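All remarks here apply to the structure that follows.
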Amino acid sequence: RKEVEQDPGPFNVPEGATVAFNCTYSNSASQSFFWYRQDCRKEPKLLMSVYSSGNEDGRFTAQLNRASQYISLLIRDSKLSDSATYLCVVKSGGSARQLTFGSGTQLTVLP
Amino acid sequence: EADIYQTPRYLVIGTGKKITLECSQTMGHDKMYWYQQDPGMELHLIHYSYGVNSTEKGDLSSESTVSRIRTEHFPLTLESARPSHTSQYLCASSDSRTGGGEKLFFGSGTQLSVL
């Protein structure tokens with residue numbers, strides 16, 4: 001079983017829709033959680049950190065469920081520019097080795 | 001915008017050649033990383049550095065080597081390229097002084113094809 005698992009998608013949604021992705025992690029000692037965005041053939045960029053109480057940044061909301069060991073990303077009012085792959089990243093310790101990337105969920109927002 | 005640069009952007013090379021992928025950052029970050037990513041797959045850490053003269057291998061076995069003689073420069077070298085080395089190589093950096101170190105800034109990557 002992978003340490004970090006994501007539904008690869010693709011998720012094809014119309015502009016203006018609300019879409020949510022989940023990511024599950026296997027290490028219960030995981031400490032920190034993040035969502036990165038990666039456009040096609042480009043480098044990943046940090047979208048947002050995920051805090052225990054949940055957090056929001058504009059149209060994006062991140063949630064953490066430690067009991068069930070998953071994090072989620074909700075995108076409201078989807079824009080064409082949201083089309084990308086969303087990577088779940090989990091940190092289970094202080095070493096660079098302990099930062100684990102999921103393989104990503106592909107989102108396409110259709111006009 | 002991140003100030004981290006990788007060259008070349010694309011490299012097509014024959015088996016057995018020695019190659020060096022360049023990575024430089026101008027942000028003064030202490031940590032630097034090399035990741036390997038195949039299409040549709042997760043990033044795998046192959047090397048990292050906590051500072052000058054500090055380098056460690058990551059989880060993914062790699063025949064490459066790295067050096068960190070200067071803070072801003074973290075080149076990756078393959079002594080003898082093979083087709084199995086064909087992949088995208090992403091360099092990243094982070095600043096541990098900002099309290100997290102998890103905000104990675106990535107370069108644009110080098111797409112390596114070994115024929």
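By convention in this document, the chains of the structure tokens carry letters A, B, ... by their order, each chain's residues are numbered from 1, and ligands are numbered from 1 in the order they are shown.
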**Message:** Just want the 12 Å neighbourhood of Glu56 of chain A, counted on only C-alpha atoms, with same-chain residues fewer than 4 positions away dropped. Output as a PyMOL selection string.
**Reply:** chain A and resi 47-52+60-63+72-76
Which residues of chain A have any atom within 10 Å of an atom in chain B when counting only C-alpha atoms, and what is the closest pair of atoms for each, with the distance in Å to one decimal? Order the rows by chain and rising number and write it as a tab-separated table.
residue	atom	partner	partner_atom	distance
A:Val4	CA	B:Glu42	CA	9.5
A:Glu5	CA	B:Glu42	CA	9.9
A:Pro8	CA	B:Gly40	CA	8.2
A:Ser32	CA	B:Glu102	CA	8.8
A:Phe33	CA	B:Glu102	CA	9.3
A:Phe34	CA	B:Glu102	CA	8.6
A:Tyr36	CA	B:Leu104	CA	9.6
A:Cys40	CA	B:Pro39	CA	9.8
A:Arg41	CA	B:Ser108	CA	8.7
A:Lys42	CA	B:Ser108	CA	6.1
A:Glu43	CA	B:Ser108	CA	5.2
A:Pro44	CA	B:Phe106	CA	6.5
A:Lys45	CA	B:Phe105	CA	6.9
A:Leu46	CA	B:Lys103	CA	6.6
A:Leu47	CA	B:Lys103	CA	9.7
A:Met48	CA	B:Lys103	CA	9.4
A:Ser49	CA	B:Lys103	CA	8.9
A:Thr85	CA	B:Gly40	CA	9.2
A:Leu87	CA	B:Glu42	CA	8.3
A:Cys88	CA	B:Glu42	CA	9.7
A:Val89	CA	B:Glu102	CA	9.4
A:Val90	CA	B:Glu102	CA	9.6
A:Lys91	CA	B:Glu102	CA	8.1
A:Gly94	CA	B:Gly101	CA	9.0
A:Ser95	CA	B:Tyr50	CA	9.7
A:Ala96	CA	B:Tyr48	CA	7.1
A:Arg97	CA	B:Gly58	CA	6.0
A:Gln98	CA	B:Asp59	CA	9.3
A:Leu99	CA	B:Glu102	CA	8.0
A:Thr100	CA	B:His44	CA	8.0
A:Phe101	CA	B:Glu42	CA	5.8
A:Gly102	CA	B:Glu42	CA	5.4
A:Ser103	CA	B:Glu42	CA	3.8
A:Gly104	CA	B:Glu42	CA	7.0
A:Thr105	CA	B:Gly40	CA	9.2
A:Gln106	CA	B:Gly40	CA	9.1
**Message:** So that I can see what lies close to Val114 of chain B, please list as number ranges by chain the residues with an atom at most 12 Å from it, counting only C-alpha atoms and leaving out residues fewer than 5 positions away in the same chain.
**Reply:** B: 10-19, 78, 80-88
**For atom CA of Leu21 of chain B and atom CA of Thr71 of chain B, the interatomic separation in Å (one decimal)** =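 These two atoms are separated by 16.3 Å.
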**Request:** Please provide the set of residues having any atom within 6 Å of Cys23 of chain B, restricted to only C-alpha atoms, with same-chain residues fewer than 3 positions apart removed, written as a PyMOL selection string.
**Result:** chain B and resi 5-6+73-75
Would you write out those residues with N, CA and C atoms, as a CSV table (one decimal), in the first residue's frame?
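Resulting contents of again30.csv:
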chain,number,residue,atom,x,y,z
B,5,TYR,N,16.6,27.8,-10.9
B,5,TYR,CA,16.8,27.6,-12.3
B,5,TYR,C,17.4,26.3,-12.6
B,6,GLN,N,16.9,25.6,-13.6
B,6,GLN,CA,17.5,24.3,-14.0
B,6,GLN,C,17.8,24.4,-15.5
B,73,HIS,N,24.2,26.4,-5.5
B,73,HIS,CA,24.4,25.5,-6.6
B,73,HIS,C,24.3,24.0,-6.2
B,74,PHE,N,23.5,23.2,-6.9
B,74,PHE,CA,23.3,21.8,-6.5
B,74,PHE,C,23.2,20.9,-7.8
B,75,PRO,N,24.4,20.7,-8.4
B,75,PRO,CA,24.3,19.9,-9.7
B,75,PRO,C,24.2,18.4,-9.4
**Request:** Give me, please, the distance in Å between atom CA of Ser28 of chain A and atom CA of Asp7 of chain A, quoted to one decimal.
**Result:**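 We find that atom CA of Ser28 of chain A and atom CA of Asp7 of chain A lie 19.9 Å from each other.
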**Complete:** If you count only C-alpha atoms, the residue of B:Thr110, B:Ser93, B:Ser67, B:Asn53 closest to Thr7 of chain B turns out to be B:Thr110
**Request:** Give me every strand (DSSP E or B) residue in segment 52-91 of chain B, going by DSSP on the backbone, as JSON, numbers by chain.
**Result:** {"B": [54, 55, 56, 57, 65, 66, 70, 73, 76, 77, 78, 87, 88, 89, 90, 91]}
**Message:** Please list as a list in words every residue within 6 Å of Cys23 of chain A, counting only C-alpha atoms and excluding residues in the same chain fewer than 3 positions away.
**Reply:**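 Final neighbour list, sorted by chain and number: Glu5, Gln6, Tyr70 and Ile71 of chain A.
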**Prompt:** Expressed in Å to a single decimal, how great is the separation between atom CA of Ile4 of chain B and atom CA of Leu107 of chain A?
**Reply:**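 These two atoms are separated by 26.6 Å.
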